[in-house]
>>> print(open('final.cif').read())   # mmCIF, C-alpha atoms
data_model
#
loop_
_atom_site.group_PDB
_atom_site.id
_atom_site.type_symbol
_atom_site.label_atom_id
_atom_site.label_comp_id
_atom_site.auth_asym_id
_atom_site.auth_seq_id
_atom_site.Cartn_x
_atom_site.Cartn_y
_atom_site.Cartn_z
ATOM 1 C CA MET A 1 12.141 -0.907 -15.936
ATOM 2 C CA GLY A 2 9.003 -2.995 -15.365
ATOM 3 C CA GLY A 3 7.177 -2.818 -12.060
ATOM 4 C CA TYR A 4 8.048 -6.369 -10.999
ATOM 5 C CA LEU A 5 11.721 -6.017 -11.960
ATOM 6 C CA LYS A 6 11.882 -2.722 -10.087
ATOM 7 C CA THR A 7 10.408 -4.409 -7.006
ATOM 8 C CA VAL A 8 13.015 -7.190 -7.177
ATOM 9 C CA VAL A 9 15.839 -4.657 -7.529
ATOM 10 C CA LEU A 10 14.552 -2.604 -4.609
ATOM 11 C CA LEU A 11 14.139 -5.701 -2.423
ATOM 12 C CA ALA A 12 17.716 -6.655 -3.293
ATOM 13 C CA ALA A 13 18.817 -3.148 -2.306
ATOM 14 C CA LEU A 14 17.073 -3.506 1.057
ATOM 15 C CA THR A 15 18.742 -6.866 1.635
ATOM 16 C CA ALA A 16 22.162 -5.484 0.733
ATOM 17 C CA LEU A 17 21.622 -2.507 3.033
ATOM 18 C CA PHE A 18 20.633 -4.825 5.845
ATOM 19 C CA GLY A 19 23.732 -6.941 5.344
ATOM 20 C CA ALA A 20 26.023 -3.937 5.269
ATOM 21 C CA LEU A 21 24.538 -2.507 8.455
ATOM 22 C CA GLY A 22 24.713 -5.832 10.265
ATOM 23 C CA PHE A 23 28.320 -6.309 9.308
ATOM 24 C CA ALA A 24 29.147 -2.753 10.345
ATOM 25 C CA ILE A 25 27.736 -3.326 13.806
ATOM 26 C CA ALA A 26 28.660 -6.864 14.813
ATOM 27 C CA GLY A 27 29.584 -8.995 11.853
ATOM 28 C CA GLU A 28 27.576 -11.881 10.442
ATOM 29 C CA GLN A 29 26.439 -13.307 13.774
ATOM 30 C CA GLY A 30 24.807 -10.072 14.851
ATOM 31 C CA MET A 31 23.145 -9.666 11.451
ATOM 32 C CA LEU A 32 21.615 -13.149 11.521
ATOM 33 C CA LEU A 33 20.332 -12.828 15.097
ATOM 34 C CA ALA A 34 18.682 -9.490 14.327
ATOM 35 C CA LEU A 35 17.080 -10.853 11.156
ATOM 36 C CA LEU A 36 15.633 -13.831 13.033
ATOM 37 C CA PHE A 37 14.194 -11.587 15.738
ATOM 38 C CA ALA A 38 12.706 -9.096 13.273
ATOM 39 C CA GLY A 39 11.413 -11.924 11.088
ATOM 40 C CA GLY A 40 9.594 -13.438 14.049
ATOM 41 C CA MET A 41 7.890 -10.132 14.848
ATOM 42 C CA ASN A 42 6.866 -9.576 11.255
ATOM 43 C CA LEU A 43 5.693 -13.183 10.809
ATOM 44 C CA PHE A 44 3.237 -12.590 13.642
ATOM 45 C CA ALA A 45 2.146 -9.350 11.981
ATOM 46 C CA TRP A 46 1.810 -11.122 8.606
ATOM 47 C CA TRP A 47 -0.582 -13.745 9.973
ATOM 48 C CA ASN A 48 -2.641 -11.167 11.856
ATOM 49 C CA SER A 49 -2.158 -8.003 9.793
ATOM 50 C CA ASP A 50 -5.552 -8.071 8.075
ATOM 51 C CA GLN A 51 -7.585 -8.117 11.275
ATOM 52 C CA MET A 52 -5.195 -5.708 12.981
ATOM 53 C CA VAL A 53 -5.606 -3.114 10.211
ATOM 54 C CA LEU A 54 -9.372 -3.592 9.987
ATOM 55 C CA ARG A 55 -9.697 -3.072 13.741
ATOM 56 C CA MET A 56 -7.547 0.073 13.554
ATOM 57 C CA HIS A 57 -10.071 1.575 11.133
ATOM 58 C CA ASN A 58 -13.150 0.204 12.924
ATOM 59 C CA ALA A 59 -14.154 -1.603 9.719
ATOM 60 C CA GLN A 60 -17.510 -3.383 9.870
ATOM 61 C CA PRO A 61 -18.123 -6.592 7.877
ATOM 62 C CA ILE A 62 -20.944 -6.512 5.339
ATOM 63 C CA GLY A 63 -22.575 -9.347 3.430
ATOM 64 C CA PRO A 64 -24.853 -9.691 0.412
ATOM 65 C CA GLN A 65 -27.899 -8.895 2.528
ATOM 66 C CA ASP A 66 -26.347 -5.598 3.689
ATOM 67 C CA ALA A 67 -25.070 -4.297 0.348
ATOM 68 C CA PRO A 68 -26.360 -6.474 -2.495
ATOM 69 C CA ARG A 69 -25.245 -4.189 -5.350
ATOM 70 C CA LEU A 70 -21.766 -3.656 -3.959
ATOM 71 C CA TYR A 71 -21.462 -7.362 -3.158
ATOM 72 C CA GLN A 72 -22.593 -8.404 -6.645
ATOM 73 C CA MET A 73 -20.220 -5.917 -8.272
ATOM 74 C CA THR A 74 -17.280 -7.188 -6.221
ATOM 75 C CA ALA A 75 -18.160 -10.829 -6.902
ATOM 76 C CA ALA A 76 -18.359 -10.190 -10.661
ATOM 77 C CA LEU A 77 -15.011 -8.369 -10.684
ATOM 78 C CA ALA A 78 -13.415 -11.124 -8.601
ATOM 79 C CA ARG A 79 -14.564 -13.707 -11.133
ATOM 80 C CA ARG A 80 -13.039 -11.654 -13.962
ATOM 81 C CA ALA A 81 -9.790 -11.393 -12.000
ATOM 82 C CA GLY A 82 -9.752 -15.142 -11.287
ATOM 83 C CA LEU A 83 -10.017 -14.595 -7.529
ATOM 84 C CA PRO A 84 -12.219 -15.954 -4.763
ATOM 85 C CA MET A 85 -14.716 -13.500 -3.330
ATOM 86 C CA PRO A 86 -12.916 -11.394 -0.699
ATOM 87 C CA ALA A 87 -14.501 -10.395 2.583
ATOM 88 C CA LEU A 88 -16.140 -6.976 2.334
ATOM 89 C CA TYR A 89 -15.920 -4.283 5.006
ATOM 90 C CA VAL A 90 -17.207 -0.748 5.317
ATOM 91 C CA ILE A 91 -15.504 2.080 7.236
ATOM 92 C CA HIS A 92 -17.630 4.987 8.398
ATOM 93 C CA GLU A 93 -15.505 7.823 7.027
ATOM 94 C CA ASP A 94 -16.732 10.696 4.848
ATOM 95 C CA GLN A 95 -13.520 10.749 2.803
ATOM 96 C CA PRO A 96 -13.930 8.421 -0.221
ATOM 97 C CA ASN A 97 -11.167 5.819 -0.156
ATOM 98 C CA ALA A 98 -10.546 2.063 -0.001
ATOM 99 C CA PHE A 99 -7.860 -0.511 0.702
ATOM 100 C CA ALA A 100 -7.217 -4.253 0.485
ATOM 101 C CA THR A 101 -5.530 -6.429 3.071
ATOM 102 C CA GLY A 102 -4.814 -10.098 3.722
ATOM 103 C CA ARG A 103 -1.825 -12.378 3.304
ATOM 104 C CA ASN A 104 -3.127 -14.158 0.165
ATOM 105 C CA PRO A 105 -6.203 -14.274 -2.110
ATOM 106 C CA ALA A 106 -7.864 -16.934 0.055
ATOM 107 C CA ASN A 107 -7.602 -14.681 3.130
ATOM 108 C CA ALA A 108 -8.223 -11.266 1.601
ATOM 109 C CA ALA A 109 -10.518 -8.394 2.482
ATOM 110 C CA VAL A 110 -11.558 -5.189 0.737
ATOM 111 C CA ALA A 111 -12.619 -2.243 2.895
ATOM 112 C CA VAL A 112 -14.401 0.800 1.478
ATOM 113 C CA ASN A 113 -15.217 4.091 3.154
ATOM 114 C CA THR A 114 -18.855 5.154 3.195
ATOM 115 C CA GLY A 115 -17.710 8.310 1.417
ATOM 116 C CA LEU A 116 -16.771 6.188 -1.596
ATOM 117 C CA LEU A 117 -20.360 5.018 -1.940
ATOM 118 C CA ASP A 118 -21.852 8.413 -1.145
ATOM 119 C CA LEU A 119 -19.830 10.499 -3.585
ATOM 120 C CA MET A 120 -18.632 8.333 -6.479
ATOM 121 C CA THR A 121 -20.368 7.062 -9.596
ATOM 122 C CA GLU A 122 -20.932 3.342 -10.090
ATOM 123 C CA GLU A 123 -18.277 3.236 -12.816
ATOM 124 C CA GLU A 124 -15.768 4.858 -10.468
ATOM 125 C CA VAL A 125 -16.582 2.489 -7.604
ATOM 126 C CA GLU A 126 -16.044 -0.404 -10.006
ATOM 127 C CA GLY A 127 -12.597 0.961 -10.891
ATOM 128 C CA VAL A 128 -11.652 1.323 -7.218
ATOM 129 C CA ILE A 129 -12.793 -2.200 -6.324
ATOM 130 C CA ALA A 130 -10.899 -3.603 -9.320
ATOM 131 C CA HIS A 131 -7.758 -1.755 -8.179
ATOM 132 C CA GLU A 132 -7.975 -3.381 -4.752
ATOM 133 C CA LEU A 133 -8.591 -6.807 -6.292
ATOM 134 C CA ALA A 134 -5.504 -6.241 -8.440
ATOM 135 C CA HIS A 135 -3.454 -5.717 -5.271
ATOM 136 C CA ILE A 136 -4.786 -9.020 -3.958
ATOM 137 C CA ARG A 137 -4.061 -10.879 -7.207
ATOM 138 C CA ASN A 138 -0.552 -9.399 -7.417
ATOM 139 C CA ARG A 139 0.230 -10.501 -3.818
ATOM 140 C CA ASP A 140 1.118 -6.914 -2.998
ATOM 141 C CA THR A 141 0.276 -7.311 0.682
ATOM 142 C CA LEU A 142 2.835 -10.136 0.838
ATOM 143 C CA ILE A 143 5.433 -8.003 -0.958
ATOM 144 C CA MET A 144 4.890 -5.141 1.458
ATOM 145 C CA THR A 145 5.170 -7.558 4.381
ATOM 146 C CA VAL A 146 8.577 -8.711 3.128
ATOM 147 C CA THR A 147 9.769 -5.130 2.724
ATOM 148 C CA ALA A 148 8.437 -4.262 6.164
ATOM 149 C CA THR A 149 10.349 -7.229 7.615
ATOM 150 C CA VAL A 150 13.673 -6.130 6.157
ATOM 151 C CA ALA A 151 13.095 -2.431 6.815
ATOM 152 C CA GLY A 152 12.049 -3.211 10.378
ATOM 153 C CA ALA A 153 15.171 -5.299 10.881
ATOM 154 C CA ILE A 154 17.320 -2.438 9.588
ATOM 155 C CA SER A 155 15.716 0.010 12.020
ATOM 156 C CA MET A 156 16.161 -2.422 14.886
ATOM 157 C CA LEU A 157 19.800 -3.048 13.985
ATOM 158 C CA ALA A 158 20.422 0.683 13.865
ATOM 159 C CA ASN A 159 18.924 1.129 17.325
ATOM 160 C CA VAL A 160 21.022 -1.725 18.706
ATOM 161 C CA GLY A 161 24.093 -0.330 16.997
ATOM 162 C CA MET A 162 23.555 3.094 18.551
ATOM 163 C CA LEU A 163 23.552 1.495 21.994
ATOM 164 C CA PHE A 164 26.147 -1.229 21.673
ATOM 165 C CA GLY A 165 27.746 -1.185 18.225
ATOM 166 C CA GLY A 166 30.514 1.252 18.933
ATOM 167 C CA ALA A 167 31.696 -0.577 22.058
ATOM 168 C CA MET A 168 31.464 -3.978 20.324
ATOM 169 C CA ASN A 169 33.588 -2.827 17.421
ATOM 170 C CA ARG A 170 36.177 -1.165 19.655
ATOM 171 C CA ASP A 171 36.557 -4.401 21.629
ATOM 172 C CA ARG A 172 36.444 -6.868 18.733
ATOM 173 C CA ASN A 173 37.600 -4.784 15.777
ATOM 174 C CA GLN A 174 34.974 -6.573 13.657
ATOM 175 C CA SER A 175 34.069 -3.660 11.395
ATOM 176 C CA PRO A 176 36.111 -1.957 8.679
ATOM 177 C CA PHE A 177 34.187 1.266 9.351
ATOM 178 C CA GLY A 178 35.626 4.017 11.476
ATOM 179 C CA PRO A 179 33.552 5.446 14.333
ATOM 180 C CA VAL A 180 32.331 8.451 12.320
ATOM 181 C CA ALA A 181 31.368 6.327 9.321
ATOM 182 C CA LEU A 182 29.608 3.852 11.593
ATOM 183 C CA VAL A 183 27.532 6.581 13.243
ATOM 184 C CA LEU A 184 26.591 8.015 9.850
ATOM 185 C CA MET A 185 25.545 4.585 8.629
ATOM 186 C CA LEU A 186 23.463 3.961 11.735
ATOM 187 C CA ILE A 187 21.605 7.216 11.084
ATOM 188 C CA LEU A 188 21.248 6.965 7.314
ATOM 189 C CA ALA A 189 20.472 3.248 6.916
ATOM 190 C CA PRO A 190 16.930 3.393 8.399
ATOM 191 C CA LEU A 191 16.206 6.480 6.281
ATOM 192 C CA ALA A 192 17.409 4.700 3.161
ATOM 193 C CA ALA A 193 15.315 1.653 4.049
ATOM 194 C CA ALA A 194 12.213 3.840 4.387
ATOM 195 C CA VAL A 195 12.903 5.418 0.995
ATOM 196 C CA VAL A 196 13.219 2.000 -0.662
ATOM 197 C CA GLN A 197 10.072 0.752 1.074
ATOM 198 C CA MET A 198 8.114 3.744 -0.208
ATOM 199 C CA ALA A 199 9.492 3.250 -3.721
ATOM 200 C CA ILE A 200 8.264 -0.352 -3.718
ATOM 201 C CA SER A 201 4.829 0.789 -2.567
ATOM 202 C CA ARG A 202 4.628 3.354 -5.369
ATOM 203 C CA SER A 203 5.625 0.818 -8.031
ATOM 204 C CA ARG A 204 2.874 -1.530 -6.850
ATOM 205 C CA GLU A 205 0.249 1.228 -7.274
ATOM 206 C CA TYR A 206 1.076 1.616 -10.968
ATOM 207 C CA GLU A 207 0.858 -2.153 -11.466
ATOM 208 C CA ALA A 208 -2.497 -2.313 -9.665
ATOM 209 C CA ASP A 209 -3.888 0.529 -11.806
ATOM 210 C CA ARG A 210 -2.896 -1.291 -14.986
ATOM 211 C CA ALA A 211 -4.327 -4.617 -13.793
ATOM 212 C CA ALA A 212 -7.565 -2.946 -12.671
ATOM 213 C CA ALA A 213 -8.010 -1.437 -16.137
ATOM 214 C CA GLU A 214 -7.618 -4.904 -17.619
ATOM 215 C CA ILE A 215 -10.164 -6.394 -15.191
ATOM 216 C CA THR A 216 -12.825 -3.784 -15.926
ATOM 217 C CA GLY A 217 -11.863 -3.063 -19.536
ATOM 218 C CA ASN A 218 -12.372 0.602 -18.642
ATOM 219 C CA PRO A 219 -9.166 2.508 -17.748
ATOM 220 C CA LEU A 220 -11.003 5.833 -17.800
ATOM 221 C CA GLY A 221 -13.408 4.749 -15.075
ATOM 222 C CA LEU A 222 -10.496 4.296 -12.691
ATOM 223 C CA ALA A 223 -8.836 7.484 -13.965
ATOM 224 C CA SER A 224 -11.997 9.434 -13.161
ATOM 225 C CA ALA A 225 -12.149 7.792 -9.739
ATOM 226 C CA LEU A 226 -8.549 8.756 -8.970
ATOM 227 C CA ALA A 227 -9.193 12.384 -9.935
ATOM 228 C CA ARG A 228 -12.215 12.593 -7.666
ATOM 229 C CA LEU A 229 -10.544 10.690 -4.808
ATOM 230 C CA GLU A 230 -7.588 13.075 -4.877
ATOM 231 C CA ALA A 231 -9.861 16.125 -4.817
ATOM 232 C CA TYR A 232 -11.867 14.850 -1.864
ATOM 233 C CA ALA A 233 -8.760 13.701 0.036
ATOM 234 C CA HIS A 234 -7.602 17.334 0.106
ATOM 235 C CA ARG A 235 -10.933 18.540 1.513
ATOM 236 C CA ILE A 236 -12.212 15.746 3.759
ATOM 237 C CA GLN A 237 -10.203 14.415 6.689
ATOM 238 C CA ASN A 238 -9.877 10.664 7.250
ATOM 239 C CA PHE A 239 -9.817 10.452 11.033
ATOM 240 C CA HIS A 240 -8.926 6.757 11.320
ATOM 241 C CA ALA A 241 -6.044 7.137 8.858
ATOM 242 C CA GLU A 242 -4.743 10.228 10.653
ATOM 243 C CA ALA A 243 -4.758 8.224 13.892
ATOM 244 C CA HIS A 244 -2.855 5.369 12.208
ATOM 245 C CA PRO A 245 -0.620 6.982 9.551
ATOM 246 C CA ALA A 246 1.461 3.812 9.144
ATOM 247 C CA THR A 247 -1.478 2.307 7.224
ATOM 248 C CA ALA A 248 -1.617 5.145 4.676
ATOM 249 C CA HIS A 249 0.225 3.133 2.006
ATOM 250 C CA LEU A 250 -2.640 0.612 1.923
ATOM 251 C CA PHE A 251 -5.200 3.067 0.543
ATOM 252 C CA ILE A 252 -5.783 3.677 -3.164
ATOM 253 C CA VAL A 253 -4.857 7.347 -2.658
ATOM 254 C CA ASN A 254 -2.989 8.918 0.234
ATOM 255 C CA PRO A 255 -5.625 9.461 2.965
ATOM 256 C CA LEU A 256 -3.465 11.882 4.951
ATOM 257 C CA SER A 257 -3.585 15.634 4.707
ATOM 258 C CA GLY A 258 -0.009 16.061 3.397
ATOM 259 C CA ALA A 259 2.740 14.263 1.443
ATOM 260 C CA ARG A 260 0.998 14.414 -1.930
ATOM 261 C CA MET A 261 4.225 15.022 -3.923
ATOM 262 C CA ASP A 262 5.700 12.237 -6.035
ATOM 263 C CA ASN A 263 9.059 12.250 -4.280
ATOM 264 C CA LEU A 264 11.155 9.770 -2.356
ATOM 265 C CA PHE A 265 9.100 10.270 0.799
ATOM 266 C CA SER A 266 5.643 9.615 -0.637
ATOM 267 C CA THR A 267 3.958 6.213 -0.424
ATOM 268 C CA HIS A 268 1.847 6.985 -3.522
ATOM 269 C CA PRO A 269 2.727 8.268 -6.990
ATOM 270 C CA ARG A 270 1.317 11.605 -8.052
ATOM 271 C CA THR A 271 -2.322 11.058 -8.976
ATOM 272 C CA GLU A 272 -1.804 13.075 -12.165
ATOM 273 C CA ASN A 273 0.870 10.597 -13.256
ATOM 274 C CA ARG A 274 -1.402 7.643 -12.560
ATOM 275 C CA ILE A 275 -4.230 9.245 -14.535
ATOM 276 C CA ALA A 276 -1.892 9.976 -17.446
ATOM 277 C CA ALA A 277 -0.787 6.328 -17.521
ATOM 278 C CA LEU A 278 -4.408 5.166 -17.555
ATOM 279 C CA GLU A 279 -5.273 7.619 -20.336
ATOM 280 C CA ARG A 280 -2.416 6.261 -22.422
ATOM 281 C CA LEU A 281 -3.713 2.745 -21.824
ATOM 282 C CA ALA A 282 -7.228 3.866 -22.806
ATOM 283 C CA ALA A 283 -5.878 5.375 -26.034
ATOM 284 C CA GLN A 284 -4.237 2.064 -26.856
ATOM 285 C CA MET A 285 -7.626 0.406 -26.318
ATOM 286 C CA GLY A 286 -9.305 2.960 -28.604
ATOM 287 C CA GLN A 287 -11.249 4.756 -25.887
ATOM 288 C CA ALA A 288 -12.010 8.469 -25.932
ATOM 289 C CA ALA A 289 -10.314 11.005 -23.686
ATOM 290 C CA LEU A 290 -11.329 11.255 -20.059
ATOM 291 C CA THR A 291 -14.295 13.464 -19.222
ATOM 292 C CA ARG A 292 -15.027 14.208 -15.590
ATOM 293 C CA PRO A 293 -18.574 13.214 -14.543
ATOM 294 C CA ALA A 294 -20.463 15.559 -12.269
ATOM 295 C CA PRO A 295 -20.024 14.860 -8.544
ATOM 296 C CA GLY A 296 -22.732 12.703 -7.080
ATOM 297 C CA PRO A 297 -23.471 9.349 -5.443
ATOM 298 C CA TRP A 298 -23.386 6.195 -7.491
ATOM 299 C CA ALA A 299 -26.991 5.192 -6.824
ATOM 300 C CA GLY A 300 -28.996 8.119 -8.078
ATOM 301 C CA GLY A 301 -28.742 10.444 -5.118
ATOM 302 C CA ARG A 302 -29.506 8.066 -2.246
ATOM 303 C CA ARG A 303 -27.347 8.325 0.856
ATOM 304 C CA ASN A 304 -25.210 5.229 1.622
ATOM 305 C CA PRO A 305 -26.511 3.326 -1.439
ATOM 306 C CA TRP A 306 -25.264 -0.109 -0.439
ATOM 307 C CA GLY A 307 -28.461 -1.798 -1.574
#
>>> encode(input="final.cif", output="structure tokens")
Amino acid sequence: MGGYLKTVVLLAALTALFGALGFAIAGEQGMLLALLFAGGMNLFAWWNSDQMVLRMHNAQPIGPQDAPRLYQMTAALARRAGLPMPALYVIHEDQPNAFATGRNPANAAVAVNTGLLDLMTEEEVEGVIAHELAHIRNRDTLIMTVTATVAGAISMLANVGMLFGGAMNRDRNQSPFGPVALVLMLILAPLAAAVVQMAISRSREYEADRAAAEITGNPLGLASALARLEAYAHRIQNFHAEAHPATAHLFIVNPLSGARMDNLFSTHPRTENRIAALERLAAQMGQAALTRPAPGPWAGGRRNPWG
């Protein structure tokens, strides 16, 4: 199943789960009221999510005068991707990583950790930036906002149902569920919503990898970057991400110390699987097998080589 079709199916599953939970608690009226309330909260988050996330990670804006090489690289990749130049930010974290945010391409930002520039080769940095631009072009931040809206509504409905649902259904007999089934659904529905949300996030990572390879024409550059990012993520702590774990799904690789397995509870696919997919794409393009470059900064050994 293609990545976009899978996303549509999973979004439909979230919507169906939301409807079933709303009906179980208070019928259609309760479902609609909860959706409106949750939608209002998430609409506010959608309009302000980029600046909220950047502030969480203490990201600092940089311009062409601060990091001319990085800026020029990003501008060239954006042109290849058919995108406007995003705002660039740097996060002072030793762990190499990056993420994109913003509600649409005209209001997008790419944030990179200083560790990315300190420890990665130029080819690898290019692959990472292209991956984040692919997220912007694919409207992935919008997709994740929609899933967060529905998943948030499900969690809110479950909380309301725990407090009032049982009494409402006893008085009005609105639900076909018995009390035991209702309690089970109130417990399991938010868990199921989280699983679906994570599955959507993982499917978007594969799509962004593929699109990034097309933008750069170099799947193996991104594959090498992913291998190195994964290795460093195990050894170097990302303090801002640990303080705000809800933002972990935004990063190109999981910035947290655990949850590296490709299971239902991981926001990212296994890095080995992503590398294998990129190597298959490289083979189709007639490129040689991946060779790991020696660790080292992308600007010939200089620390923080933004210039």
>>> resolve_selection(input="final.cif", expression="the PyMOL selection byres ((chain A and resi 206) around 10)", output="VMD selection string")
chain A and resid 3 131 201 to 205 207 to 212 268 to 269 273 to 275 277 to 278
>>> atom_distance(input="final.cif", atom1="atom CA of Ala248 of chain A", atom2="atom CA of Glu132 of chain A")
14.2 Å
>>> residues_around(input="final.cif", residues="Ile62 of chain A", least_positions_apart="2", cutoff="6 Å", atoms="all atoms listed in the file", output="list in words")
Asp66, Leu88 and Tyr89 of chain A
>>> axis_aligned_box(input="final.cif", around="segment 206-211 of chain A", padding_each_side="3 Å", output="AutoDock Vina command-line options")
--center_x -1.6 --center_y -1.5 --center_z -12.3 --size_x 11.4 --size_y 12.2 --size_z 11.3
>>> closest_residue(input="final.cif", among="A:Glu124, A:Asp118, A:Asp50, A:Glu279", to="Arg103 of chain A", atoms="all atoms listed in the file")
A:Asp50
>>> atom_distance(input="final.cif", atom1="atom CA of Met73 of chain A", atom2="atom CA of Ile129 of chain A")
8.5 Å
>>> atom_distance(input="final.cif", atom1="atom CA of Arg270 of chain A", atom2="atom CA of Met198 of chain A")
13.0 Å
>>> resolve_selection(input="final.cif", expression="the PyMOL selection byres ((chain A and resi 214-225) around 9)", output="PyMOL selection string")
chain A and resi 77-78+80-81+120-121+123-128+130-131+134+209-213+226-230+271+274-279+281-282+285+287-293
>>> residues_near_point(input="final.cif", point="(-7.8, 6.1, -1.1)", cutoff="7 Å", atoms="only C-alpha atoms", output="short mmCIF file (atom, residue, chain, number, x, y, z; two decimals) with C-alpha atoms, in the frame of the given file")
data_model
loop_
_atom_site.label_atom_id
_atom_site.label_comp_id
_atom_site.auth_asym_id
_atom_site.auth_seq_id
_atom_site.Cartn_x
_atom_site.Cartn_y
_atom_site.Cartn_z
CA PRO A 96 -13.93 8.42 -0.22
CA ASN A 97 -11.17 5.82 -0.16
CA ALA A 98 -10.55 2.06 0.00
CA PHE A 99 -7.86 -0.51 0.70
CA LEU A 229 -10.54 10.69 -4.81
CA PHE A 251 -5.20 3.07 0.54
CA ILE A 252 -5.78 3.68 -3.16
CA VAL A 253 -4.86 7.35 -2.66
CA ASN A 254 -2.99 8.92 0.23
CA PRO A 255 -5.62 9.46 2.96
#
>>> closest_residue(input="final.cif", among="A:Thr267, A:Thr247, A:Asn238, A:Asn138", to="Gly115 of chain A", atoms="only C-alpha atoms")
A:Asn238
>>> resolve_selection(input="final.cif", expression="the PyMOL selection byres ((chain A and resi 104-106) around 7)", output="list in words")
Leu83, Pro84, Gly102, Arg103, Asn107, Ala108, Ile136, Arg137 and Arg139 of chain A
>>> residues_near_point(input="final.cif", point="(-9.2, 19.0, 3.0)", cutoff="12 Å", atoms="all atoms listed in the file", output="number ranges by chain")
A: 94-95, 229-239, 255-258
>>> closest_residue(input="final.cif", among="A:Gln51, A:Asn113, A:Asn58, A:Thr141", to="Ala87 of chain A", atoms="only C-alpha atoms")
A:Gln51
